[in-house]
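The structure appears right after this line, and notes come after that.
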Amino acid sequence: MAKLYVIGIGPGSIEHMTLMALKAIKKSQIVVGYSFYIDILKDILEEKKVISTGMREEIERCKIAIEKVREGFDTSIISTGDAGLYGMAGPILELASGIEVEVIPGVTSSFAAASEIGAPIMHDFCTISLSDLLTPCELIEKRIECAAKGDFVIAIYNPRSKGREDYLKNAVGIIMKYKDADTPVGIVKNAGREGRKKLITTLSNINYDFVDMKTVVIIGNKETYIKNGKIITPRGYKI
């Protein structure tokens, strides 16, 4: 019986992919994904049938992948980061019936970004996407406020785009009701892939023009500090 692999390929380089992900792609006859993701893996997809679609065609990709499995082909559908975090795992499991599905985890962008700026996610943290395509702004703002009030380290995905230039600034305004202005902030663009850039700053000194949709913003908690150019959030060990 054919199988559908729902794969998180990591932040965007083959080096960050897990062995499990690579093995699943090797087993697959067909690979389905957003054209940008397909291009990342082009060197290992030469012998595969590749089906790519454009941005915002997630459900179409899911339906194509499910149909290919029903036709008898082992198929992979890929997402960057982890397939279960803003990826394809949820829609596939909602849509699929009567086929075997295996979800294969990947390195999410917040962990890739964190590794490039130190150890900011050493304690309780949350991820919040500022994209309002599928989530109302009011709910996003409520979640930001709850996370800040609870003093979580906060990893922000999709922080700023041409249509949402002020969303990050608005989010920071909410966060600053509960966190000090000198709270360390790490900003990483293209984490784990070519073109990566990073800034280490504080909550009151964020360079908003540096931030785009391919950026992860990590905001520390009350214990987070900067040492030797790295952000550290203590776990509580006696050092």
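In the structure tokens, chains take letters A, B, ... by order of appearance, with residues numbered from 1 within each chain and ligands from 1 in the order shown.
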
Taking the chain letters and numbering used in this document, name the residues of range 76-140 of chain A that DSSP puts in strand (DSSP E), as a ChimeraX atom specification.
/A:76-79,100-104,118-119,125-129

Name all residues at most 9 Å from range 10-17 of chain A (count only C-alpha atoms; drop same-chain ones fewer than 4 positions away) and give them as JSON, numbers by chain.
{"A": [21, 22, 37, 40, 41, 44, 79, 80, 81, 82, 83, 105, 106, 107, 108, 109, 110, 111, 112, 113, 190, 191, 192, 193, 194]}

From the set A:Cys146, A:Met88, A:Leu203, A:Met213, which residue has the shortest atom-to-atom contact distance to Lys162 in chain A, counting only C-alpha atoms?
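The answer is A:Met213, which sits nearest to Lys162 in chain A.
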
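The spacing separating CA of Cys126 in chain A from CA of Ile154 in chain A amounts to 5.2 Å.
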
Please provide the set of residues having any atom within 9 Å of Glu141 in chain A, restricted to only C-alpha atoms, with same-chain residues fewer than 5 positions apart removed, written as a compact mmCIF listing (two decimals) with N, CA, C and O atoms, in the first residue's frame.
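The file below, result_18.txt, is the result:
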# COMPACT_ATOMS: atom_id res chain seq x y z
N LEU A 130 2.47 36.43 13.24
CA LEU A 130 1.73 37.68 13.07
C LEU A 130 0.93 37.72 11.77
O LEU A 130 0.30 38.73 11.48
N PRO A 136 -7.53 35.96 13.08
CA PRO A 136 -7.90 37.37 13.24
C PRO A 136 -6.87 38.14 14.06
O PRO A 136 -6.27 37.61 15.00
N CYS A 146 -1.03 37.67 26.41
CA CYS A 146 -0.95 36.58 27.38
C CYS A 146 0.48 36.07 27.52
O CYS A 146 0.96 35.79 28.62
N ASN A 170 3.32 47.08 16.49
CA ASN A 170 2.16 47.00 17.37
C ASN A 170 2.32 45.90 18.41
O ASN A 170 1.94 46.06 19.58
N ALA A 171 2.86 44.76 17.98
CA ALA A 171 3.09 43.65 18.91
C ALA A 171 4.08 44.04 20.00
O ALA A 171 3.87 43.74 21.18
N ILE A 174 2.52 46.08 22.69
CA ILE A 174 1.80 45.26 23.68
C ILE A 174 2.78 44.61 24.64
O ILE A 174 2.59 44.61 25.87

Which neighbours of Pro184 in chain A fall inside 10 Å, counting only C-alpha atoms, when residues of the same chain fewer than 6 positions from it are skipped, and could you give them as number ranges by chain?
A: 120, 200-206, 218-226, 230-233

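Excluding Ser28 in chain A itself and any same-chain residue fewer than 4 positions from it, the protein and nucleic acid residues within 8 Å of it, counting only C-alpha atoms, are Ala24, Lys48, Phe73, Asp74, Thr75 and Ser76 of chain A.
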
Residue subset to file, keeping all heavy atoms, as a compact mmCIF listing (two decimals), in the first residue's frame:
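Writing the result to result_14.txt gives the following:
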# COMPACT_ATOMS: atom_id res chain seq x y z
N ALA A 24 12.76 9.29 3.82
CA ALA A 24 11.39 9.30 3.32
C ALA A 24 11.33 9.84 1.90
O ALA A 24 10.60 9.31 1.05
CB ALA A 24 10.50 10.13 4.25
N LYS A 48 12.98 12.13 -9.09
CA LYS A 48 11.60 12.10 -8.61
C LYS A 48 10.68 12.85 -9.57
O LYS A 48 11.10 13.76 -10.27
CB LYS A 48 11.50 12.77 -7.23
CG LYS A 48 12.48 12.25 -6.20
CD LYS A 48 12.24 10.80 -5.84
CE LYS A 48 13.24 10.33 -4.80
NZ LYS A 48 13.08 8.89 -4.50
N PHE A 73 1.12 5.69 -5.50
CA PHE A 73 2.50 6.19 -5.46
C PHE A 73 2.88 6.60 -4.04
O PHE A 73 2.13 7.34 -3.38
CB PHE A 73 2.65 7.42 -6.37
CG PHE A 73 2.39 7.14 -7.82
CD1 PHE A 73 1.17 7.49 -8.40
CD2 PHE A 73 3.35 6.52 -8.62
CE1 PHE A 73 0.91 7.23 -9.75
CE2 PHE A 73 3.11 6.27 -9.96
CZ PHE A 73 1.89 6.61 -10.52
N ASP A 74 4.04 6.15 -3.57
CA ASP A 74 4.60 6.69 -2.33
C ASP A 74 4.93 8.15 -2.59
O ASP A 74 5.63 8.48 -3.56
CB ASP A 74 5.87 5.93 -1.94
CG ASP A 74 5.57 4.53 -1.40
OD1 ASP A 74 4.56 4.37 -0.71
OD2 ASP A 74 6.36 3.62 -1.70
N THR A 75 4.43 9.03 -1.71
CA THR A 75 4.49 10.47 -1.98
C THR A 75 4.96 11.22 -0.74
O THR A 75 4.58 10.88 0.38
CB THR A 75 3.10 10.99 -2.40
OG1 THR A 75 2.67 10.29 -3.56
CG2 THR A 75 3.13 12.47 -2.69
N SER A 76 5.76 12.25 -0.97
CA SER A 76 6.15 13.17 0.10
C SER A 76 5.56 14.54 -0.18
O SER A 76 5.60 15.01 -1.32
CB SER A 76 7.67 13.31 0.19
OG SER A 76 8.28 12.14 0.68

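From CA of Asp212 in chain A back to CA of Arg160 in chain A, the distance works out to 4.9 Å.
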
For Ile92 in chain A, the nearest of the candidates A:Met122, A:Ala114, A:Ile78, A:Ile51, counting only C-alpha atoms
A:Ile78

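Taking only C-alpha atoms into account, Val31 in chain A lies nearest to A:Val50 out of the set A:Ile187, A:Ile175, A:Ala155, A:Val50.
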
Looking only at helix (DSSP H, G or I) from DSSP on the backbone, list the matching residues of range 41-212 of chain A as an MDAnalysis selection string.
chainID A and resid 42:44 58:70 89:95 109:117 137:149 167:175 203:205 208:210

Excluding Thr127 in chain A and any residue of its chain fewer than 4 positions from it, enumerate the residues within 10 Å of it, using only C-alpha atoms, and give them as a ChimeraX atom specification.
/A:85,110,143-144,147,152-157,216-218

Near Ser131 in chain A, counting only C-alpha atoms, which residues have an atom at most 9 Å away, once you skip same-chain residues fewer than 3 positions from it, shown as a compact mmCIF listing (two decimals) with N, CA and C atoms, in the first residue's frame?
# COMPACT_ATOMS: atom_id res chain seq x y z
N LEU A 134 -5.07 33.66 8.26
CA LEU A 134 -5.92 32.59 8.79
C LEU A 134 -6.35 32.84 10.24
N THR A 135 -5.77 33.86 10.88
CA THR A 135 -6.07 34.14 12.28
C THR A 135 -6.41 35.62 12.44
N PRO A 136 -7.53 35.96 13.08
CA PRO A 136 -7.90 37.37 13.24
C PRO A 136 -6.87 38.14 14.06
N CYS A 137 -6.67 39.40 13.70
CA CYS A 137 -5.71 40.25 14.41
C CYS A 137 -6.01 40.31 15.91
N ILE A 140 -4.60 37.29 17.60
CA ILE A 140 -3.13 37.37 17.64
C ILE A 140 -2.69 38.30 18.77
N TYR A 157 6.98 34.59 14.31
CA TYR A 157 7.07 34.22 12.90
C TYR A 157 6.28 35.23 12.07
N ASN A 158 6.62 35.31 10.78
CA ASN A 158 5.90 36.20 9.84
C ASN A 158 5.72 37.60 10.43
N PRO A 159 6.81 38.21 10.87
CA PRO A 159 6.67 39.44 11.65
C PRO A 159 6.30 40.69 10.87
N ARG A 160 6.66 40.72 9.58
CA ARG A 160 6.44 41.98 8.84
C ARG A 160 6.44 41.71 7.34
N ARG A 164 1.77 44.39 5.92
CA ARG A 164 1.64 44.38 7.39
C ARG A 164 2.86 45.05 8.02
N TYR A 167 2.63 45.59 12.01
CA TYR A 167 2.19 44.52 12.92
C TYR A 167 3.22 44.23 14.00

Computed interatomic separation between CA of Ala89 in chain A and CA of Ile7 in chain A (Å)
8.1 Å
